[in-house]
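Here is target05.cif, consisting of mmCIF, C-alpha atoms:
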```cif
data_model
#
loop_
_atom_site.label_atom_id
_atom_site.label_comp_id
_atom_site.auth_asym_id
_atom_site.auth_seq_id
_atom_site.Cartn_x
_atom_site.Cartn_y
_atom_site.Cartn_z
CA MET A 548 -70.30 74.96 -6.88
CA THR A 549 -70.68 75.96 -3.24
CA GLN A 550 -67.02 75.31 -2.61
CA ARG A 551 -66.08 77.68 -5.37
CA GLN A 552 -68.24 80.45 -3.90
CA GLU A 553 -66.74 79.89 -0.50
CA LEU A 554 -63.33 80.35 -2.06
CA ALA A 555 -64.37 83.64 -3.60
CA MET A 556 -65.66 84.94 -0.27
CA ASP A 557 -62.35 84.23 1.41
CA GLU A 558 -60.46 86.25 -1.10
CA VAL A 559 -60.85 89.51 0.74
CA THR A 560 -59.33 88.46 4.03
CA LEU A 561 -57.29 85.34 3.35
CA ALA A 562 -58.89 83.80 6.41
CA PRO A 563 -58.09 80.12 6.81
CA ARG A 564 -60.65 77.87 5.23
CA THR A 565 -62.36 75.63 7.72
CA THR A 566 -63.78 72.31 6.67
CA ALA A 567 -66.44 70.61 8.72
CA GLY A 568 -65.24 69.14 12.00
CA PRO A 569 -65.07 69.78 15.69
CA PRO A 570 -63.44 73.14 16.49
CA ASP A 571 -59.87 72.64 17.69
CA GLY A 572 -60.24 68.88 17.54
CA GLY A 573 -57.37 68.55 15.08
CA LYS A 574 -53.66 68.24 15.78
CA TYR A 575 -51.07 70.19 13.85
CA VAL A 576 -47.87 68.09 13.80
CA TYR A 577 -44.50 69.91 13.76
CA CYS A 578 -41.99 67.13 14.20
CA ILE A 579 -41.19 63.72 15.64
CA VAL A 580 -38.76 63.30 18.56
CA ARG A 581 -37.57 60.50 20.79
CA THR A 582 -38.75 60.85 24.38
CA ASP A 583 -41.06 58.95 26.66
CA ALA A 584 -41.59 61.85 29.07
CA PRO A 585 -44.39 64.31 28.23
CA CYS A 586 -42.94 67.69 27.12
CA GLU A 587 -44.31 71.22 26.98
CA PHE A 588 -42.82 73.82 24.67
CA GLY A 589 -44.92 76.85 25.58
CA ALA A 590 -47.70 78.83 23.90
CA ILE A 591 -46.01 79.13 20.50
CA GLY A 592 -48.33 77.06 18.28
CA MET A 593 -49.71 77.80 14.80
CA GLY A 594 -52.79 79.91 14.30
CA GLY A 595 -51.65 83.19 15.82
CA GLU A 596 -53.32 82.69 19.19
CA GLY A 597 -50.34 81.17 20.93
CA ARG A 598 -51.62 77.65 21.23
CA ARG A 599 -49.89 75.26 23.60
CA VAL A 600 -47.29 72.99 22.01
CA TYR A 601 -46.98 69.55 23.60
CA THR A 602 -46.24 65.90 22.85
CA VAL A 603 -48.35 62.88 21.87
CA HIS A 604 -46.64 59.56 22.63
CA HIS A 605 -46.24 56.06 21.32
CA LYS A 606 -43.57 53.92 23.02
CA ASP A 607 -40.37 56.01 23.05
CA LEU A 608 -41.47 58.25 20.16
CA ALA A 609 -43.46 61.46 20.41
CA ALA A 610 -45.09 63.82 17.97
CA VAL A 611 -44.84 67.52 18.82
CA VAL A 612 -48.30 69.00 18.21
CA SER A 613 -50.70 71.81 18.96
CA ASP A 614 -54.50 71.82 18.81
CA THR A 615 -56.00 73.28 15.68
CA PRO A 616 -59.29 73.55 13.85
CA ILE A 617 -59.37 71.41 10.71
CA VAL A 618 -58.04 73.98 8.27
CA ILE A 619 -55.69 74.20 5.34
CA TYR A 620 -52.88 76.55 6.32
CA ASP A 621 -51.65 78.81 3.54
CA PRO A 622 -47.85 78.71 3.25
CA THR A 623 -47.53 82.42 4.04
CA ARG A 624 -44.24 83.66 5.41
CA GLU A 625 -45.90 84.25 8.77
CA ASN A 626 -47.26 80.70 8.96
CA VAL A 627 -44.06 79.09 7.75
CA LEU A 628 -42.03 81.08 10.28
CA ALA A 629 -44.40 79.99 13.06
CA HIS A 630 -43.95 76.35 12.02
CA GLU A 631 -40.18 76.77 11.91
CA PHE A 632 -40.05 78.60 15.22
CA VAL A 633 -41.59 75.61 16.98
CA ASN A 634 -39.10 73.25 15.36
CA GLU A 635 -36.21 75.52 16.33
CA THR A 636 -37.44 75.55 19.92
CA VAL A 637 -37.82 71.78 20.07
CA MET A 638 -34.45 71.08 18.48
CA ARG A 639 -32.61 72.93 21.24
CA GLU A 640 -33.12 69.84 23.38
CA HIS A 641 -34.05 67.09 20.92
CA THR A 642 -33.06 65.54 17.65
CA VAL A 643 -36.08 66.15 15.44
CA ILE A 644 -37.58 64.75 12.26
CA PRO A 645 -39.43 67.75 10.83
CA MET A 646 -42.89 67.22 9.33
CA SER A 647 -43.77 69.09 6.19
CA PHE A 648 -45.60 72.37 6.62
CA GLY A 649 -49.37 72.21 7.08
CA THR A 650 -49.78 68.61 8.25
CA VAL A 651 -53.02 68.38 10.24
CA PHE A 652 -54.51 65.23 11.73
CA ARG A 653 -58.12 64.94 12.77
CA SER A 654 -57.52 63.49 16.21
CA GLU A 655 -54.91 62.38 18.72
CA ASP A 656 -55.65 58.77 17.73
CA ASP A 657 -54.65 59.55 14.15
CA VAL A 658 -51.32 60.95 15.43
CA THR A 659 -50.70 57.86 17.54
CA GLU A 660 -51.48 55.72 14.50
CA LEU A 661 -48.87 57.66 12.52
CA LEU A 662 -46.23 56.93 15.20
CA ARG A 663 -47.26 53.29 15.42
CA SER A 664 -47.32 52.57 11.70
CA THR A 665 -44.09 54.47 10.91
CA TYR A 666 -42.27 53.50 14.11
CA GLN A 667 -39.33 51.70 12.49
CA ALA A 668 -38.59 54.37 9.87
CA PHE A 669 -38.80 57.18 12.43
CA SER A 670 -36.51 55.27 14.81
CA ASP A 671 -33.89 54.60 12.14
CA VAL A 672 -33.84 58.20 10.95
CA LEU A 673 -33.67 59.55 14.51
CA ASP A 674 -30.60 57.36 15.08
CA LYS A 675 -29.00 58.63 11.88
CA MET A 676 -29.78 62.28 12.57
CA ARG A 677 -28.76 62.18 16.18
CA ASP A 678 -26.93 65.38 17.18
CA LYS A 679 -26.89 66.66 13.61
CA ILE A 680 -28.23 69.98 12.42
CA GLU A 681 -28.75 71.65 9.09
CA PHE A 682 -27.43 74.96 7.81
CA GLY A 683 -28.66 76.71 4.69
CA LEU A 684 -26.24 78.56 2.46
CA LYS A 685 -27.30 80.69 -0.45
CA VAL A 686 -24.58 82.44 -2.41
CA LEU A 687 -25.37 85.46 -4.57
CA TRP A 688 -22.93 87.23 -6.78
CA ASP A 689 -22.52 90.78 -7.87
CA ARG A 690 -22.33 90.16 -11.59
CA GLU A 691 -20.91 93.60 -12.47
CA GLN A 692 -18.15 93.29 -9.90
CA VAL A 693 -17.24 89.84 -11.14
CA VAL A 694 -17.12 91.15 -14.72
CA ALA A 695 -14.95 94.07 -13.61
CA THR A 696 -12.59 91.64 -11.94
CA LEU A 697 -12.48 89.49 -15.07
CA GLU A 698 -11.59 92.52 -17.16
CA ARG A 699 -8.64 93.11 -14.90
CA THR A 700 -7.45 89.54 -14.48
CA ASN A 701 -8.32 87.84 -17.76
CA GLU A 702 -5.70 88.98 -20.31
CA GLU A 703 -7.73 88.21 -23.39
CA ILE A 704 -10.80 90.06 -22.13
CA GLY A 705 -8.71 93.03 -21.01
CA ARG A 706 -6.92 93.27 -24.35
CA LEU A 707 -10.13 93.03 -26.39
CA LYS A 708 -11.84 95.62 -24.23
CA GLU A 709 -8.95 98.04 -24.69
CA GLU A 710 -9.03 97.47 -28.43
CA ILE A 711 -12.72 98.34 -28.57
CA GLU A 712 -12.32 101.44 -26.44
CA ASN A 713 -9.44 102.73 -28.60
CA ASN A 714 -11.26 102.14 -31.83
CA ALA A 715 -14.84 103.43 -31.98
CA GLN A 716 -15.25 102.37 -35.64
CA SER A 717 -18.06 100.07 -36.76
CA SER A 718 -15.46 97.39 -37.38
CA THR A 719 -15.50 96.80 -33.64
CA TYR A 720 -18.91 95.14 -33.92
CA PHE A 721 -17.36 91.72 -34.25
CA ALA A 722 -14.92 92.48 -31.49
CA ARG A 723 -17.86 93.34 -29.26
CA VAL A 724 -19.64 90.10 -30.06
CA GLN A 725 -16.45 88.21 -29.39
CA LEU A 726 -15.97 90.08 -26.11
CA GLY A 727 -19.53 89.25 -25.05
CA ARG A 728 -18.93 85.58 -25.72
CA LEU A 729 -15.64 85.61 -23.88
CA VAL A 730 -17.17 87.32 -20.86
CA GLU A 731 -20.11 84.91 -20.77
CA SER A 732 -17.92 81.82 -20.76
CA ALA A 733 -15.48 83.37 -18.28
CA LEU A 734 -18.43 84.21 -16.02
CA GLU A 735 -19.71 80.66 -16.15
CA GLU A 736 -16.25 79.39 -15.33
CA ALA A 737 -15.91 81.87 -12.46
CA GLY A 738 -19.34 80.91 -11.08
CA ASN A 739 -18.43 77.22 -11.12
CA ALA A 740 -15.08 77.97 -9.48
CA PHE A 741 -16.83 79.88 -6.66
CA VAL A 742 -19.25 77.02 -6.05
CA VAL A 743 -16.42 74.47 -6.05
CA ASP A 744 -14.43 76.61 -3.61
CA VAL A 745 -17.37 76.86 -1.20
CA HIS A 746 -18.05 73.13 -1.33
CA GLU A 747 -14.37 72.19 -0.95
CA SER A 748 -13.98 74.52 2.04
CA LEU A 749 -17.04 73.19 3.82
CA ARG A 750 -16.75 69.50 3.02
CA PRO A 751 -14.30 68.73 5.86
CA VAL A 752 -16.66 70.25 8.47
CA ALA A 753 -19.96 68.86 7.13
CA VAL A 754 -21.44 65.38 7.15
CA ALA A 755 -23.34 65.84 3.90
CA SER A 756 -24.61 68.49 1.54
CA ARG A 757 -27.52 68.84 -0.82
CA SER A 758 -27.92 71.37 -3.60
CA SER A 759 -31.20 72.90 -4.71
CA LYS A 760 -32.04 74.98 -7.73
CA PRO A 761 -30.84 78.59 -7.30
CA ILE A 762 -33.62 81.17 -6.86
CA GLY A 763 -33.58 84.21 -9.13
CA ASP A 764 -30.73 85.24 -11.43
CA ARG A 765 -28.21 86.51 -8.87
CA MET A 766 -27.93 83.25 -6.98
CA ILE A 767 -25.16 80.88 -7.96
CA MET A 768 -25.56 78.37 -5.16
CA ASN A 769 -28.45 77.18 -2.98
CA ALA A 770 -27.33 74.41 -0.71
CA ALA A 771 -28.03 72.77 2.63
CA PHE A 772 -25.34 71.24 4.84
CA LEU A 773 -25.75 68.59 7.49
CA VAL A 774 -23.35 69.29 10.34
CA GLU A 775 -22.52 67.58 13.63
CA ARG A 776 -23.75 69.76 16.46
CA SER A 777 -20.25 69.67 17.95
CA ALA A 778 -18.77 70.97 14.68
CA SER A 779 -21.16 73.86 14.23
CA GLU A 780 -18.72 76.50 15.45
CA LEU A 781 -16.11 75.21 13.06
CA PHE A 782 -18.65 75.37 10.27
CA ASP A 783 -19.52 78.96 11.24
CA GLU A 784 -15.87 79.89 11.09
CA LYS A 785 -15.42 78.38 7.64
CA VAL A 786 -18.41 80.28 6.29
CA ARG A 787 -17.09 83.53 7.72
CA GLU A 788 -13.70 82.81 6.19
CA LEU A 789 -15.30 82.20 2.79
CA SER A 790 -17.38 85.34 2.98
CA HIS A 791 -14.25 87.31 3.83
CA ARG A 792 -12.25 85.77 0.98
CA HIS A 793 -14.89 86.71 -1.61
CA GLU A 794 -15.91 90.02 -0.14
CA GLY A 795 -17.36 92.45 -2.68
CA LEU A 796 -18.04 89.70 -5.20
CA LEU A 797 -20.21 87.24 -3.31
CA THR A 798 -22.92 87.64 -0.69
CA PHE A 799 -23.49 84.71 1.65
CA LYS A 800 -26.97 84.15 3.04
CA TYR A 801 -26.33 81.82 5.87
CA THR A 802 -29.23 80.45 7.92
CA GLY A 803 -29.73 77.91 10.66
CA PRO A 804 -29.45 75.80 12.62
CA TRP A 805 -32.43 74.04 11.07
CA PRO A 806 -33.87 70.62 11.65
CA PRO A 807 -32.62 68.34 8.86
CA TYR A 808 -35.35 69.32 6.36
CA ASN A 809 -33.22 68.45 3.36
CA PHE A 810 -31.76 65.22 4.67
CA VAL A 811 -34.82 63.35 5.82
CA ASN A 812 -37.07 61.80 3.25
CA ILE A 813 -39.66 59.50 4.75
CA LYS A 814 -42.57 58.88 2.45
CA LEU A 815 -45.57 58.78 4.75
CA LYS A 816 -48.57 56.82 3.60
CA LEU A 817 -51.15 59.47 4.27
CA GLU A 818 -54.53 60.02 2.77
CA ARG A 819 -56.98 62.86 2.98
CA ALA A 820 -59.39 62.72 5.89
CA ASP A 821 -62.63 64.47 5.02
CA MET B 837 -59.33 48.08 -38.57
CA GLY B 838 -56.55 49.28 -40.84
CA LEU B 839 -56.18 52.87 -41.87
CA LEU B 840 -57.11 52.06 -45.45
CA ALA B 841 -60.35 50.34 -44.42
CA LYS B 842 -61.12 53.26 -42.18
CA LEU B 843 -60.61 55.69 -45.02
CA LEU B 844 -62.74 53.67 -47.38
CA THR B 845 -65.65 52.89 -45.10
CA PHE B 846 -65.82 55.90 -42.82
CA PRO B 847 -64.75 58.93 -44.74
CA VAL B 848 -65.70 61.25 -41.87
CA SER B 849 -63.94 59.40 -39.07
CA GLY B 850 -60.63 61.03 -39.88
CA PRO B 851 -61.61 64.64 -39.21
CA VAL B 852 -63.82 63.74 -36.24
CA ALA B 853 -61.05 61.76 -34.60
CA GLY B 854 -58.76 64.69 -35.29
CA ILE B 855 -61.08 67.14 -33.60
CA ARG B 856 -61.58 64.88 -30.62
CA TRP B 857 -57.85 64.44 -30.31
CA SER B 858 -57.19 68.17 -30.32
CA LEU B 859 -59.98 68.78 -27.80
CA GLU B 860 -58.37 66.21 -25.54
CA MET B 861 -55.08 68.02 -25.97
CA VAL B 862 -56.67 71.33 -25.04
CA GLU B 863 -58.29 69.74 -22.02
CA ARG B 864 -55.08 68.12 -20.91
CA THR B 865 -53.09 71.33 -21.37
CA ALA B 866 -55.71 73.31 -19.46
CA ARG B 867 -55.72 70.75 -16.68
CA GLU B 868 -51.95 70.83 -16.43
CA GLU B 869 -51.94 74.60 -16.25
CA LEU B 870 -54.70 74.73 -13.66
CA THR B 871 -53.13 72.14 -11.40
CA ASP B 872 -49.44 73.09 -11.58
CA ASP B 873 -48.17 75.29 -8.75
CA THR B 874 -44.46 75.17 -9.65
CA ALA B 875 -44.36 78.68 -11.09
CA ILE B 876 -46.29 80.13 -8.14
CA LYS B 877 -43.95 78.52 -5.62
CA GLN B 878 -40.95 79.71 -7.61
CA GLU B 879 -42.25 83.28 -7.52
CA LEU B 880 -42.96 82.99 -3.80
CA MET B 881 -39.34 81.98 -3.16
CA GLU B 882 -38.06 84.85 -5.29
CA LEU B 883 -40.36 87.24 -3.45
CA GLN B 884 -39.04 86.08 -0.07
CA LEU B 885 -35.50 86.49 -1.27
CA ALA B 886 -36.31 90.02 -2.42
CA LEU B 887 -37.74 90.83 1.01
CA GLU B 888 -34.75 89.36 2.81
CA SER B 889 -32.35 91.27 0.56
CA GLY B 890 -34.21 94.50 1.23
CA ASP B 891 -35.20 94.94 -2.43
CA ILE B 892 -38.88 95.26 -1.46
CA ASP B 893 -40.53 96.28 1.80
CA GLU B 894 -42.88 94.30 4.01
CA ALA B 895 -46.03 95.94 2.59
CA ALA B 896 -45.10 95.16 -1.01
CA TYR B 897 -44.21 91.65 0.04
CA LEU B 898 -47.51 91.05 1.78
CA ALA B 899 -49.56 92.45 -1.10
CA ARG B 900 -47.96 90.09 -3.61
CA GLU B 901 -47.92 87.18 -1.18
CA THR B 902 -51.68 87.46 -0.74
CA GLU B 903 -52.17 87.31 -4.50
CA LEU B 904 -49.94 84.25 -4.73
CA MET B 905 -51.78 82.54 -1.86
CA LEU B 906 -55.06 83.02 -3.73
CA LYS B 907 -53.49 81.51 -6.84
CA LEU B 908 -52.31 78.56 -4.74
CA ARG B 909 -55.84 78.14 -3.43
CA ASP B 910 -57.14 78.10 -6.99
CA VAL B 911 -54.64 75.38 -7.88
CA ARG B 912 -55.69 73.44 -4.79
CA TYR B 913 -59.33 73.81 -5.78
CA TRP B 914 -58.70 72.43 -9.26
CA ARG B 915 -56.53 69.62 -7.93
CA GLU B 916 -59.40 68.63 -5.68
CA GLN B 917 -61.82 68.79 -8.63
CA PHE B 918 -59.59 66.48 -10.64
CA GLY B 919 -59.09 64.16 -7.66
CA MET B 920 -55.37 64.91 -7.42
CA GLY B 921 -53.34 65.05 -4.22
CA ILE B 922 -52.95 68.35 -2.39
CA ALA B 923 -50.47 69.52 0.23
CA GLY B 924 -51.83 70.50 3.63
CA GLY B 925 -55.24 69.93 5.13
CA PRO B 926 -56.43 67.07 7.26
CA VAL B 927 -54.79 63.69 6.69
CA ARG B 928 -54.68 60.27 8.26
CA VAL B 929 -52.49 57.23 7.92
CA GLN B 930 -53.62 55.00 5.07
CA ARG B 931 -55.20 51.92 6.50
CA ASP B 932 -54.07 49.05 4.34
CA GLU B 933 -55.94 45.80 4.81
CA ASP B 934 -52.72 43.78 4.84
CA ASP B 935 -51.18 46.15 7.39
CA ARG B 936 -53.26 44.73 10.20
#
```
Any chance you could put this one into structure tokens?
Amino acid sequence: MTQRQELAMDEVTLAPRTTAGPPDGGKYVYCIVRTDAPCEFGAIGMGGEGRRVYTVHHKDLAAVVSDTPIVIYDPTRENVLAHEFVNETVMREHTVIPMSFGTVFRSEDDVTELLRSTYQAFSDVLDKMRDKIEFGLKVLWDREQVVATLERTNEEIGRLKEEIENNAQSSTYFARVQLGRLVESALEEAGNAFVVDVHESLRPVAVASRSSKPIGDRMIMNAAFLVERSASELFDEKVRELSHRHEGLLTFKYTGPWPPYNFVNIKLKLERAD
Amino acid sequence: MGLLAKLLTFPVSGPVAGIRWSLEMVERTAREELTDDTAIKQELMELQLALESGDIDEAAYLARETELMLKLRDVRYWREQFGMGIAGGPVRVQRDEDDR
């Protein structure tokens, strides 16, 4: 039960939990790049103390790492942003394969072993992802505004609404239910049409796209787009065009460039090292 | 042993088996609840969206985030107890015998 007590003690501060091991002997891995020259990316590493970010090599591949105690990093916003900031910095000059958040190896040898044993898969994916970047696009709608627009543009809804407003009798109950149903299905249709429009507009300027589950009830689209670096301005332009076209109804949350988080899926054979 | 034979020879085995079965169900349900972080992660994403949209401020965000992190740690603890995989923490490449 000692572990459980340790957990309870941490609760006050949320300090990272350290497991036994040499202090700072571990390596936090951010991403994999192709280079045979040692690189330095500055004092921007995880852990809040500005640890040095540098490369560990095997043949022409390198892992971008910083020294770390053997800890489990909580996926707090601060930590995740720190992880992403390093990847953003590295990807200015390199094509990167991002590692998932929180990956810590016990030693440099373990990192080299990762590069050695996964060499072929890393090489293939680096070739495929060469000069490609990811953009995130979340689309939220203003439900009330969309409904208001539907009331103006959808004849049936407009007529029914007028009928209800002109007749405050209880007989309008069924009309109200019918109106509710009509609005719901028209909303669904409108939502789908928005999503189709966004995808159709961006398809010509993207290499690939991947949709995730929307977050919360205002989001109608949560997608990632893989874009050629050379086409990124064109992609920008298209997104701005879209946001202009649907102004007042849709909000576009546009982020990036990211490393291709959503387009790389290498299953690493890792096990816990205690 | 057929059900009929069971009924005839062990009149109490029915109820006992039933109790054991429902205890196993309770245990399995509890285990699934303790080791599933989907809902926590979902809330974390919604919370971040709320912060980015300006619906909540940094302080409110951090307060709730800390609570969610502790819940995630609890899930991690139980996953470890049940010998299940966890995200994060020290790892190494699996050393398969036939890999060498």
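Of note, atom CA of Leu661 of chain A and atom CA of Asp571 of chain A are spaced 19.3 Å apart.
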One decimal, in Å: what's the spacing between atom CA of Gly921 of chain B and atom CA of Leu817 of chain A? 10.4 Å
Tell me as a JSON list (two decimals) with C-alpha atoms, in the frame of the given file which residues belonging to chain B come within 8 Å of chain A, counting all atoms listed in the file.
```json
[["chain", "number", "residue", "atom", "x", "y", "z"],
["B", 878, "GLN", "CA", -40.95, 79.71, -7.61],
["B", 881, "MET", "CA", -39.34, 81.98, -3.16],
["B", 882, "GLU", "CA", -38.06, 84.85, -5.29],
["B", 884, "GLN", "CA", -39.04, 86.08, -0.07],
["B", 885, "LEU", "CA", -35.50, 86.49, -1.27],
["B", 901, "GLU", "CA", -47.92, 87.18, -1.18],
["B", 902, "THR", "CA", -51.68, 87.46, -0.74],
["B", 905, "MET", "CA", -51.78, 82.54, -1.86],
["B", 906, "LEU", "CA", -55.06, 83.02, -3.73],
["B", 909, "ARG", "CA", -55.84, 78.14, -3.43],
["B", 913, "TYR", "CA", -59.33, 73.81, -5.78],
["B", 923, "ALA", "CA", -50.47, 69.52, 0.23],
["B", 924, "GLY", "CA", -51.83, 70.50, 3.63],
["B", 925, "GLY", "CA", -55.24, 69.93, 5.13],
["B", 926, "PRO", "CA", -56.43, 67.07, 7.26],
["B", 927, "VAL", "CA", -54.79, 63.69, 6.69],
["B", 928, "ARG", "CA", -54.68, 60.27, 8.26],
["B", 929, "VAL", "CA", -52.49, 57.23, 7.92],
["B", 930, "GLN", "CA", -53.62, 55.00, 5.07]]
```
Give me the result of the PyMOL selection byres ((chain B and resi 874-876) around 8) on this file, residue by residue, as a VMD selection string. chain B and resid 872 to 873 877 to 880 904 907 to 908
Translate the PyMOL selection byres ((chain A and resi 787) around 12), as applied to the file shown, into an explicit residue set as a list in words. Leu684, Val745, Ser748, Leu749, Glu780, Leu781, Phe782, Asp783, Glu784, Lys785, Val786, Glu788, Leu789, Ser790, His791, Arg792, His793, Glu794, Thr798, Phe799, Lys800 and Tyr801 of chain A
Counting all atoms listed in the file, which residue out of A:Trp805, A:Phe721, A:Phe669, A:Pro751 sits closest to Leu628 of chain A?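 Answer, going by the shortest atom-to-atom distance: A:Trp805.
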When the PyMOL selection byres ((chain B and resi 897) around 10) is applied to the structure above, which residues does it catch, written out as a VMD selection string? (chain A and resid 624) or (chain B and resid 880 883 to 884 886 to 887 891 to 896 898 to 902)
If I take atom CA of Ala584 of chain A and atom CA of Asp607 of chain A, how far is one from the other in Å, to one decimal?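 Value for the atom CA of Ala584 of chain A-atom CA of Asp607 of chain A distance: 8.5 Å.
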Looking at A:Val811, A:Leu687, A:Ile704, A:Leu697, which one is nearest to Arg723 of chain A, with distances taken over only C-alpha atoms?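 Closest to Arg723 of chain A, using only C-alpha atoms: A:Ile704.
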Mind giving me the axis-aligned box for segment 751-765 of chain A with 3 Å on every side, centre plus edges in Å to one decimal, as JSON?
```
{"center_x": -24.0, "center_y": 75.9, "center_z": -1.5, "size_x": 25.3, "size_y": 27.1, "size_z": 25.9}
```
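The neighbours of Glu703 of chain A here are the residues that come within 12 Å of it, using all atoms listed in the file and leaving out any residue fewer than 5 positions away in the same chain; they are A:Leu697, A:Glu698, A:Lys708, A:Glu709, A:Glu710, A:Ala722, A:Gln725, A:Leu726, A:Gly727, A:Arg728, A:Leu729, A:Val730, A:Ala733.
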Could you list, as an mmCIF file with C-alpha atoms, in the coordinates of the input, every residue within 9 Å of Val672 of chain A, counting all atoms listed in the file and ignoring same-chain residues fewer than 4 positions away?
```cif
data_model
loop_
_atom_site.group_PDB
_atom_site.id
_atom_site.type_symbol
_atom_site.label_atom_id
_atom_site.label_comp_id
_atom_site.auth_asym_id
_atom_site.auth_seq_id
_atom_site.Cartn_x
_atom_site.Cartn_y
_atom_site.Cartn_z
ATOM 1 C CA ILE A 644 -37.580 64.750 12.260
ATOM 2 C CA GLN A 667 -39.330 51.700 12.490
ATOM 3 C CA ALA A 668 -38.590 54.370 9.870
ATOM 4 C CA MET A 676 -29.780 62.280 12.570
ATOM 5 C CA ARG A 677 -28.760 62.180 16.180
ATOM 6 C CA VAL A 811 -34.820 63.350 5.820
ATOM 7 C CA ILE A 813 -39.660 59.500 4.750
#
```
